[in-house]
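S.K.: Take this structure first; my questions come after.
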Amino acid sequence: MSETPGGTTAFHDLSAFLATARVNGLALSPDGKRLVAAVQSLNAEGHGFVGALWDVDPAGVREPRRLTRSRTGEFAPAFAPDGTLYFLSRREDSDPGAAKDTDEGSAVWALPEHGEAALVARHPGGIAGFTLARDRATLAYTAGLLPGAADAEAHGKLCKDRADAKVGAVLYESGLTRFWDSDLGPDEPHTFVRRCDDEHGSPVDAGGQGYVSEAETALSPDGSRVAHTRFVHGPVPDRNRTVVVVADAATGDQLRVIDRDGHHYSTPLFSSDGAGLICTRQRIETYETPYAYTLVRIDLASGAERELVPDFENWPIGAVVSPRPDDPTVFFAADELGHSPVFRLDPDGTVTRLTASGTYTSLSVAPDGRTLYALRSSVDCPPTPVRLDASRADQEPVALVAPGKVDRLPGTLTEVHTAGDDGFPLRSWLVLPEGACAERPAPLLVFPHGGPETSWNAWTWRWNPWPFAARGYAVLLPDPALSAGYGPRMHERGWGQWGGRPYRDLMAMTDAAEARPDIDATRTGLAGASYGGYMANRIATLTDRFRAIVSHASIWDLRSFQADTDASAYFRRIFGDPLARPERYEENSPSLAVDRIRTPLLVVHGAKDYRVPIGQGIALFQELQRCEVPTKFLYFPDESHWILAPNNARLWYATVLNFLDHHVLGQEWQRPELV
C-alpha cells in the first residue's frame, strides 16, 4: 500500500505530492519591476527534476509566466545592472528545443527581457556558481583547475588527457577527500572574474578556494574587488578552517585575507557603499564549547572588524544589504522558537523583527530599500514568494502568485509545550490528521530532527509530515536540547551528550503530546534521519515505549563513524580523541547497547552517503539480525545522505509508511512495489 485510499489531497497520492512544483530561489531586477523565481518540476519522463525560471508579478496581481523551457533546465537566476537575466544551465546551445545535456557541465547564460538566451561563460567541467556586481557589468564565477593548469584551456586539455587514459585516481597530500556525496579533487575550485560585455576578454583567476567550497563569492558594487571563501588545511585536521579572501578583480592580486584563529569566516557580502565586507563568523566548536555564529563587518581599508549584532542570541543567516549606497541597513534571518523571521539591523545597532511567523530565505531588497521580497515557508506551507514592508515589525507578508501551491492539507498544525527536567521551556510542532479528537485519537509518530543544531521550522520535501497525516497519523516535530532558535543555553545544555539531555527532552515532549485526548498513547512510533537517525538508535537502546522505529542515514558506532565521516575533525572536536578521551564515545554510542534493543526497526541508507558512511547502516542491520530484532534494510545504491530521485523518494515514503502501518497499527505487512 503506497497510496492512501479515500483522500482528496496531494498527500494521499505520493506521485502527486512529489510532482508538486518547488520554488527554491528568487532574483529581483535592479529597477524592482521584475521578480524571477527558480522552480523545479518533474521532467517529462518523471525520473528526475528539472529547473525553469518563472516571472512572478511583484505586485501579486497577474499570473506567473514561464521564461525558460530547455530540457536540461535552468537555475540560479541573477540580474545584471542593465536588467539582463543571468542563469546557470547545462543546455548545449541557445535553442531551447534542441538543448541537451552536455559533458561541459553548467555554463552561465544571459537572457534579455526580449530575445533569446546567449552563452556568456563556459568552463571545462562546468561552473558551480556565479555572482554579478550591482553597478557594473562584471561577473564572478567558480570553476575548477587541475594541478598544473594555468587557465581554462590548459585545464580542459588535462581533463581530456585523464579521460583518454581512463584515469580517475586522485593523489591527496593533505586535507579532506570527500564532502557530502562527492569525492574532492583532483581539480580545485577557483574564482574567475570577467566583464560581461567583453566577449573576447580572458577571465581573471582571483585564486583557489581550497577543496571544500560551496561557491561563496561576492563582488563589490563597482566590480573592482571580489571576495570568496577559501578552505585552509591546518597543521592537523582539527585546525582546518575557512577564511575569506579579497582580491583585485582586474588582476587577481590578493588584497586581504580575513582570518582569525579558532573561527571560520563565510558568506562574504560587500556593504552597500563597498567600503566594508560583511561575513558570517563562526566560533569553532571545542570539547567544552558549542560553535556559534554572528555577523561581522570588516573595514577593507584598515582591516578593523566589529560584531554587528553582539547581543543577538540566535544565529543570523542569509544577510543582504540595501542597494542604496547611502543606506547601511542590513537584513537577515535567524531561527527563533520554531520560525526563522526576517530582522532589520539599523545603522545604530537596533534590531527589529519584521515577520511574525514562518521561515524566510532568498531575501531581496527593492531599489528604494522600503520593500523586501523573500521565499516564505513553514511546516504547513511550501516556499512561496512574498512581499514585506521593510519598516513594519511582526507583520504577515503579502503572498505573491507563483507555482508550487498546495491546495489543501490533510490536517492541522498546532504546538505542544512542556519543560525539560532542568526546567528549560520546550516546544514542538504537532501535525494532527483530519478527524483526530478524543473519540477518535490518532496514533502518534515522533520525528527527531537532524543536525542536531537545527530546528523544525520550515517546509521539507524529504521528511514531510503531511503524507503521514494523510495516512491518519499525528506527527510530533520536537526541538530538544541542541536545537537552533532558543538561545545559547539550548546548545550548552546538550553539548557533548548527544544521547543524554536531548533524549530526555524528546521523552518529555512525547509525554506532553501523548497526554492530549486526541492522541492514542498506546500506538506510537518514531522515525529520524542523520542526527535524528542516531537518536532513533539511541532511543531503541533506552526504551521499549515505541512500537516501531525508522533509522535513516544514522550513526551507530560513534568511534568508527568519527574516523570515517567526511567531517571527521568536527566530530573529533566534540567527542575528543577516542584513545585519550573515550568517555563520550562510551556514554553515547548506541552500538554498545545493541543487546537491549527489542523494538522492530527499519534501517535506511544510501551508498553514496559520505557524511554518515554506509558502513554504519550495514553494521546496524547486521547487529540487529544477530540479536534477533525484527528488522528490514532499505538500501539505495545510487543515493547519498538524502533520497532525492523522485521514484526513490516515492519508494522511501511507501516503505516507511507500510513498515509503520504494520507495527504501529497492526496491519498486514505489504512489500512496496519495485523492491
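In the C-alpha cells, chains take letters A, B, ... by order of appearance, with residues numbered from 1 within each chain and ligands from 1 in the order shown.
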Applying 10 Å and only C-alpha atoms, which residues near stretch 378-382 of chain A remain after dropping the ones on its own chain fewer than 6 positions away? List them as a ChimeraX atom specification.
M.R.: /A:20-24,338-340,357-360,404-406,408-409,411-413,429-431,456-461,464-466,477
S.K.: Could you write out the selected residues, including N, CA and C atoms, as a CSV table (one decimal), in the first residue's frame?
M.R.:
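Written file, part02.csv:
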```
chain,number,residue,atom,x,y,z
A,20,THR,N,4.6,18.0,-7.2
A,20,THR,CA,4.3,19.4,-6.9
A,20,THR,C,5.6,20.3,-7.2
A,21,ALA,N,5.3,21.4,-7.9
A,21,ALA,CA,6.4,22.3,-8.3
A,21,ALA,C,7.1,22.9,-7.0
A,22,ARG,N,8.4,23.1,-7.1
A,22,ARG,CA,9.1,23.5,-5.9
A,22,ARG,C,9.9,24.8,-6.2
A,23,VAL,N,9.5,25.9,-5.6
A,23,VAL,CA,10.2,27.2,-5.7
A,23,VAL,C,11.4,27.2,-4.8
A,24,ASN,N,12.6,27.5,-5.3
A,24,ASN,CA,13.8,27.4,-4.5
A,24,ASN,C,14.7,28.6,-4.6
A,338,GLY,N,10.9,28.0,16.6
A,338,GLY,CA,10.1,27.3,15.6
A,338,GLY,C,9.8,28.1,14.4
A,339,HIS,N,10.4,29.2,14.2
A,339,HIS,CA,10.3,30.1,13.0
A,339,HIS,C,11.7,30.5,12.6
A,340,SER,N,11.8,31.2,11.5
A,340,SER,CA,13.1,31.9,11.1
A,340,SER,C,12.7,33.2,10.5
A,357,SER,N,5.7,35.2,11.7
A,357,SER,CA,5.7,33.7,11.6
A,357,SER,C,6.4,33.3,10.3
A,358,GLY,N,6.7,32.0,10.3
A,358,GLY,CA,7.3,31.5,9.1
A,358,GLY,C,8.8,31.5,9.0
A,359,THR,N,9.4,30.9,8.0
A,359,THR,CA,10.8,30.8,7.8
A,359,THR,C,11.1,31.5,6.4
A,360,TYR,N,12.2,32.3,6.4
A,360,TYR,CA,12.4,33.2,5.2
A,360,TYR,C,13.8,32.9,4.7
A,404,GLY,N,3.7,26.0,-7.4
A,404,GLY,CA,4.0,25.3,-6.2
A,404,GLY,C,3.0,25.4,-5.1
A,405,LYS,N,1.8,25.8,-5.4
A,405,LYS,CA,0.8,26.0,-4.4
A,405,LYS,C,0.3,24.6,-4.0
A,406,VAL,N,0.0,24.4,-2.7
A,406,VAL,CA,-0.6,23.3,-2.2
A,406,VAL,C,-2.1,23.7,-1.8
A,408,ARG,N,-4.7,22.0,-0.4
A,408,ARG,CA,-5.3,21.7,0.9
A,408,ARG,C,-4.4,20.7,1.6
A,409,LEU,N,-4.3,20.8,3.0
A,409,LEU,CA,-3.6,19.9,3.8
A,409,LEU,C,-4.5,18.8,4.4
A,411,GLY,N,-4.9,17.9,7.4
A,411,GLY,CA,-4.9,18.0,8.8
A,411,GLY,C,-4.6,19.5,9.2
A,412,THR,N,-4.2,19.6,10.5
A,412,THR,CA,-3.9,21.0,11.0
A,412,THR,C,-2.6,20.9,11.8
A,413,LEU,N,-2.1,22.1,12.1
A,413,LEU,CA,-0.9,22.3,12.8
A,413,LEU,C,-1.1,23.0,14.1
A,429,TRP,N,6.2,21.3,17.3
A,429,TRP,CA,5.1,21.4,16.4
A,429,TRP,C,4.4,20.0,16.4
A,430,LEU,N,3.1,20.0,16.3
A,430,LEU,CA,2.3,18.8,16.3
A,430,LEU,C,1.3,18.9,15.1
A,431,VAL,N,1.5,18.0,14.1
A,431,VAL,CA,0.6,17.8,13.0
A,431,VAL,C,-0.5,16.8,13.4
A,456,TRP,N,12.8,22.3,13.6
A,456,TRP,CA,11.7,22.1,12.8
A,456,TRP,C,11.0,23.5,12.6
A,457,ASN,N,11.3,24.2,11.5
A,457,ASN,CA,10.6,25.5,11.3
A,457,ASN,C,10.3,25.8,9.9
A,458,ALA,N,10.5,24.8,9.0
A,458,ALA,CA,10.3,25.1,7.6
A,458,ALA,C,9.7,23.9,6.9
A,459,TRP,N,9.2,24.1,5.7
A,459,TRP,CA,8.7,23.1,4.8
A,459,TRP,C,9.9,22.2,4.4
A,460,THR,N,9.7,20.9,4.3
A,460,THR,CA,10.7,20.0,3.8
A,460,THR,C,10.0,19.0,2.9
A,461,TRP,N,10.7,18.7,1.8
A,461,TRP,CA,10.2,17.7,0.8
A,461,TRP,C,10.6,16.3,1.2
A,464,ASN,N,8.6,15.1,4.9
A,464,ASN,CA,7.3,15.9,5.1
A,464,ASN,C,6.3,15.1,5.9
A,465,PRO,N,5.7,15.8,6.9
A,465,PRO,CA,4.8,15.1,7.8
A,465,PRO,C,3.4,14.8,7.2
A,466,TRP,N,3.1,15.5,6.1
A,466,TRP,CA,1.7,15.5,5.7
A,466,TRP,C,1.3,14.2,5.0
A,477,LEU,N,6.9,17.1,15.9
A,477,LEU,CA,8.2,17.6,15.4
A,477,LEU,C,8.9,18.3,16.6
```
S.K.: Apply DSSP to the backbone of this structure and, from stretch 329-542 of chain A, keep only the residues in alpha helix (DSSP H); write these as number ranges by chain.
M.R.: A: 466-470, 488-492, 501-514, 531-542
S.K.: Apply DSSP to the structure's backbone, then extract all residues of stretch 476-525 of chain A labelled strand (DSSP E) and return them as a list in words.
M.R.: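 Taking stretch 476-525 of chain A and keeping strand (DSSP E) only, one gets Leu476, Leu477, Pro478, Ile519, Asp520, Ala521, Thr522, Arg523, Thr524 and Gly525 of chain A.
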S.K.: Got a sec: who's within 9 Å of A:Cys437, counting only C-alpha atoms, leaving out chain neighbours fewer than 4 positions off, as a ChimeraX atom specification?
M.R.: /A:441-442,517-519
S.K.: Deliver the residues from the most recent selection as a file, using C-alpha atoms, as an mmCIF file, in the first residue's frame.
M.R.:
```
data_model
loop_
_atom_site.group_PDB
_atom_site.id
_atom_site.type_symbol
_atom_site.label_atom_id
_atom_site.label_comp_id
_atom_site.auth_asym_id
_atom_site.auth_seq_id
_atom_site.Cartn_x
_atom_site.Cartn_y
_atom_site.Cartn_z
ATOM 1 C CA PRO A 441 -7.491 9.662 18.945
ATOM 2 C CA ALA A 442 -4.738 9.463 16.346
ATOM 3 C CA PRO A 517 -7.022 13.487 24.429
ATOM 4 C CA ASP A 518 -6.736 13.456 20.626
ATOM 5 C CA ILE A 519 -3.579 11.279 20.739
#
```
S.K.: Atom CA of A:Val56 to atom CA of A:Val365: how many Å, to one decimal?
M.R.: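 Computing it gives 15.5 Å between the two atoms.
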S.K.: Need to verify the contact set: A:Ile555, 8 Å, only C-alpha atoms, exclusion of same-chain residues closer than 2 positions in sequence. Can you return it as a ChimeraX atom specification?
M.R.: /A:530-531,533-534,537,553,557-558,561,612,616-617
S.K.: Kindly save the residues from that selection, with C-alpha atoms included, as a tab-separated table (two decimals), in the first residue's frame.
M.R.:
```
chain	number	residue	atom	x	y	z
A	530	SER	CA	21.01	11.79	10.31
A	531	TYR	CA	21.21	13.01	13.92
A	533	GLY	CA	18.58	8.59	12.99
A	534	TYR	CA	21.28	8.49	15.64
A	537	ASN	CA	19.13	4.17	17.51
A	553	ALA	CA	21.32	7.62	7.50
A	557	ASP	CA	29.11	3.28	16.28
A	558	LEU	CA	30.47	6.71	17.22
A	561	PHE	CA	32.00	6.87	12.49
A	612	VAL	CA	27.29	9.11	7.62
A	616	GLN	CA	27.08	2.49	9.81
A	617	GLY	CA	23.80	1.29	8.30
```
S.K.: Can you work out which one of A:Ser377, A:Asn658, A:Asn648, A:Gln395 has the shortest atom-to-atom distance to A:Leu674, counting only C-alpha atoms?
M.R.: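 So, comparing all the options, the nearest one is A:Asn648.
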S.K.: Would you mind reading off the distance between atom CA of A:Pro403 and atom CA of A:Phe343, one decimal, in Å?
M.R.: 26.5 Å
S.K.: Near stretch 228-241 of chain A, within 8 Å and counting only C-alpha atoms, which residues show up once chain neighbours fewer than 2 positions away are dropped, as a ChimeraX atom specification?
M.R.: /A:174-175,191,208-213,215-218,226,243-246,262-268,569-570,572-573
S.K.: Keeping only N, CA and C atoms, take the residues you just selected and write them out as a PDB file, in the first residue's frame.
M.R.:
```pdb
ATOM      1  N   SER A 174      47.108  16.363   1.484  1.00  0.00           N
ATOM      2  CA  SER A 174      46.649  16.944   2.739  1.00  0.00           C
ATOM      3  C   SER A 174      45.146  17.160   2.628  1.00  0.00           C
ATOM      4  N   GLY A 175      44.562  17.491   3.750  1.00  0.00           N
ATOM      5  CA  GLY A 175      43.166  17.915   3.733  1.00  0.00           C
ATOM      6  C   GLY A 175      42.174  16.788   3.620  1.00  0.00           C
ATOM      7  N   THR A 191      38.119  31.091  -8.229  1.00  0.00           N
ATOM      8  CA  THR A 191      37.234  32.213  -8.529  1.00  0.00           C
ATOM      9  C   THR A 191      37.751  32.942  -9.761  1.00  0.00           C
ATOM     10  N   GLY A 208      42.463  30.256  -5.696  1.00  0.00           N
ATOM     11  CA  GLY A 208      41.802  28.997  -5.375  1.00  0.00           C
ATOM     12  C   GLY A 208      40.953  29.100  -4.127  1.00  0.00           C
ATOM     13  N   GLN A 209      39.946  28.227  -4.039  1.00  0.00           N
ATOM     14  CA  GLN A 209      39.042  28.220  -2.897  1.00  0.00           C
ATOM     15  C   GLN A 209      39.299  27.047  -1.963  1.00  0.00           C
ATOM     16  N   GLY A 210      40.328  26.239  -2.249  1.00  0.00           N
ATOM     17  CA  GLY A 210      40.533  25.045  -1.447  1.00  0.00           C
ATOM     18  C   GLY A 210      39.610  23.942  -1.916  1.00  0.00           C
ATOM     19  N   TYR A 211      39.682  22.796  -1.265  1.00  0.00           N
ATOM     20  CA  TYR A 211      38.959  21.634  -1.764  1.00  0.00           C
ATOM     21  C   TYR A 211      37.587  21.427  -1.137  1.00  0.00           C
ATOM     22  N   VAL A 212      37.155  22.335  -0.283  1.00  0.00           N
ATOM     23  CA  VAL A 212      35.775  22.324   0.203  1.00  0.00           C
ATOM     24  C   VAL A 212      35.230  23.720   0.032  1.00  0.00           C
ATOM     25  N   SER A 213      34.314  23.874  -0.893  1.00  0.00           N
ATOM     26  CA  SER A 213      33.755  25.198  -1.155  1.00  0.00           C
ATOM     27  C   SER A 213      32.356  25.034  -1.693  1.00  0.00           C
ATOM     28  N   ALA A 215      30.881  27.644  -3.400  1.00  0.00           N
ATOM     29  CA  ALA A 215      30.752  28.762  -4.340  1.00  0.00           C
ATOM     30  C   ALA A 215      30.252  30.021  -3.662  1.00  0.00           C
ATOM     31  N   GLU A 216      30.879  30.380  -2.530  1.00  0.00           N
ATOM     32  CA  GLU A 216      30.516  31.614  -1.829  1.00  0.00           C
ATOM     33  C   GLU A 216      31.407  32.738  -2.340  1.00  0.00           C
ATOM     34  N   THR A 217      30.854  33.535  -3.238  1.00  0.00           N
ATOM     35  CA  THR A 217      31.615  34.588  -3.908  1.00  0.00           C
ATOM     36  C   THR A 217      30.806  35.865  -3.931  1.00  0.00           C
ATOM     37  N   ALA A 218      31.471  37.010  -3.777  1.00  0.00           N
ATOM     38  CA  ALA A 218      30.794  38.308  -3.814  1.00  0.00           C
ATOM     39  C   ALA A 218      31.643  39.301  -4.589  1.00  0.00           C
ATOM     40  N   VAL A 226      36.732  41.353  -5.610  1.00  0.00           N
ATOM     41  CA  VAL A 226      35.966  40.114  -5.467  1.00  0.00           C
ATOM     42  C   VAL A 226      36.367  39.470  -4.151  1.00  0.00           C
ATOM     43  N   VAL A 243      38.504  30.711   5.505  1.00  0.00           N
ATOM     44  CA  VAL A 243      38.807  32.143   5.553  1.00  0.00           C
ATOM     45  C   VAL A 243      38.130  32.810   4.369  1.00  0.00           C
ATOM     46  N   VAL A 244      38.123  34.135   4.369  1.00  0.00           N
ATOM     47  CA  VAL A 244      37.606  34.900   3.240  1.00  0.00           C
ATOM     48  C   VAL A 244      38.748  35.710   2.638  1.00  0.00           C
ATOM     49  N   VAL A 245      38.889  35.605   1.331  1.00  0.00           N
ATOM     50  CA  VAL A 245      39.940  36.295   0.594  1.00  0.00           C
ATOM     51  C   VAL A 245      39.324  37.419  -0.223  1.00  0.00           C
ATOM     52  N   VAL A 246      39.911  38.597  -0.174  1.00  0.00           N
ATOM     53  CA  VAL A 246      39.506  39.722  -1.015  1.00  0.00           C
ATOM     54  C   VAL A 246      40.613  39.961  -2.035  1.00  0.00           C
ATOM     55  N   GLY A 262      40.715  29.915  15.523  1.00  0.00           N
ATOM     56  CA  GLY A 262      39.547  29.392  16.229  1.00  0.00           C
ATOM     57  C   GLY A 262      38.224  29.788  15.628  1.00  0.00           C
ATOM     58  N   HIS A 263      38.231  30.294  14.379  1.00  0.00           N
ATOM     59  CA  HIS A 263      36.998  30.742  13.751  1.00  0.00           C
ATOM     60  C   HIS A 263      36.967  30.385  12.270  1.00  0.00           C
ATOM     61  N   HIS A 264      35.753  30.218  11.749  1.00  0.00           N
ATOM     62  CA  HIS A 264      35.502  30.138  10.313  1.00  0.00           C
ATOM     63  C   HIS A 264      34.852  31.443   9.871  1.00  0.00           C
ATOM     64  N   TYR A 265      35.188  31.868   8.648  1.00  0.00           N
ATOM     65  CA  TYR A 265      34.501  33.005   8.024  1.00  0.00           C
ATOM     66  C   TYR A 265      33.832  32.510   6.742  1.00  0.00           C
ATOM     67  N   SER A 266      32.626  33.002   6.482  1.00  0.00           N
ATOM     68  CA  SER A 266      31.893  32.533   5.306  1.00  0.00           C
ATOM     69  C   SER A 266      30.891  33.591   4.852  1.00  0.00           C
ATOM     70  N   THR A 267      30.161  33.275   3.782  1.00  0.00           N
ATOM     71  CA  THR A 267      29.104  34.116   3.174  1.00  0.00           C
ATOM     72  C   THR A 267      29.502  35.582   3.068  1.00  0.00           C
ATOM     73  N   PRO A 268      30.594  35.903   2.354  1.00  0.00           N
ATOM     74  CA  PRO A 268      31.001  37.309   2.222  1.00  0.00           C
ATOM     75  C   PRO A 268      29.961  38.124   1.464  1.00  0.00           C
ATOM     76  N   ALA A 569      37.020  15.967  11.552  1.00  0.00           N
ATOM     77  CA  ALA A 569      37.582  16.929  12.502  1.00  0.00           C
ATOM     78  C   ALA A 569      36.496  17.543  13.377  1.00  0.00           C
ATOM     79  N   TYR A 570      35.338  17.826  12.774  1.00  0.00           N
ATOM     80  CA  TYR A 570      34.229  18.417  13.518  1.00  0.00           C
ATOM     81  C   TYR A 570      33.788  17.495  14.658  1.00  0.00           C
ATOM     82  N   ARG A 572      35.433  14.974  15.937  1.00  0.00           N
ATOM     83  CA  ARG A 572      36.530  14.712  16.874  1.00  0.00           C
ATOM     84  C   ARG A 572      36.647  15.839  17.891  1.00  0.00           C
ATOM     85  N   ARG A 573      36.394  17.085  17.442  1.00  0.00           N
ATOM     86  CA  ARG A 573      36.434  18.199  18.384  1.00  0.00           C
ATOM     87  C   ARG A 573      35.342  18.055  19.445  1.00  0.00           C
TER      88      ARG A 573
END
```
S.K.: Which of these, A:Ala402, A:Ala548, A:Leu660, A:Ala481, has the shortest distance to A:Gly60 once you count only C-alpha atoms?
M.R.: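 Using only C-alpha atoms, the shortest distance to A:Gly60 belongs to A:Ala402.
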S.K.: Could you check how far atom CA of A:Pro478 sits from atom CA of A:Met490, in Å to one decimal?
M.R.: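 Result for atom CA of A:Pro478 versus atom CA of A:Met490: 13.2 Å, one decimal.
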S.K.: Applying 7 Å and only C-alpha atoms, which residues near A:Pro433 remain after dropping the ones on its own chain fewer than 4 positions away? List them as a list in words.
M.R.: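 Within the cut-off, the hits are Pro410, Gly411, Thr412, Ala469, Ala470, Gly472, Tyr473 and Ala474 of chain A.
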S.K.: Just C-alpha atoms for this one: save the residues we selected as a CSV table (one decimal), in the first residue's frame.
M.R.:
```csv
chain,number,residue,atom,x,y,z
A,410,PRO,CA,-4.9,16.6,5.3
A,411,GLY,CA,-4.9,18.0,8.8
A,412,THR,CA,-3.9,21.0,11.0
A,469,ALA,CA,-1.1,12.8,8.4
A,470,ALA,CA,-3.0,11.6,5.2
A,472,GLY,CA,-4.1,9.1,9.8
A,473,TYR,CA,-1.0,9.7,12.0
A,474,ALA,CA,-0.3,12.6,14.2
```
S.K.: Excluding A:Arg504 and any residue of its chain fewer than 2 positions from it, enumerate the residues within 10 Å of it, using only C-alpha atoms, and give them as a PyMOL selection string.
M.R.: chain A and resi 420-421+480-481+499-502+506-510+539
S.K.: I'd like to know which of A:Pro613, A:Gly207, A:Ala356, A:Val656 is closest to A:Pro467, using only C-alpha atoms.
M.R.: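 For A:Pro467, the nearest of the candidates is A:Val656.
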S.K.: Out of A:Gly7, A:Ala649, A:Ala319, A:Gly32, which residue has the shortest atom-to-atom distance to A:Arg370 when counting only C-alpha atoms?
M.R.: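 Among A:Gly7, A:Ala649, A:Ala319, A:Gly32, it is A:Gly32 that comes nearest to A:Arg370.
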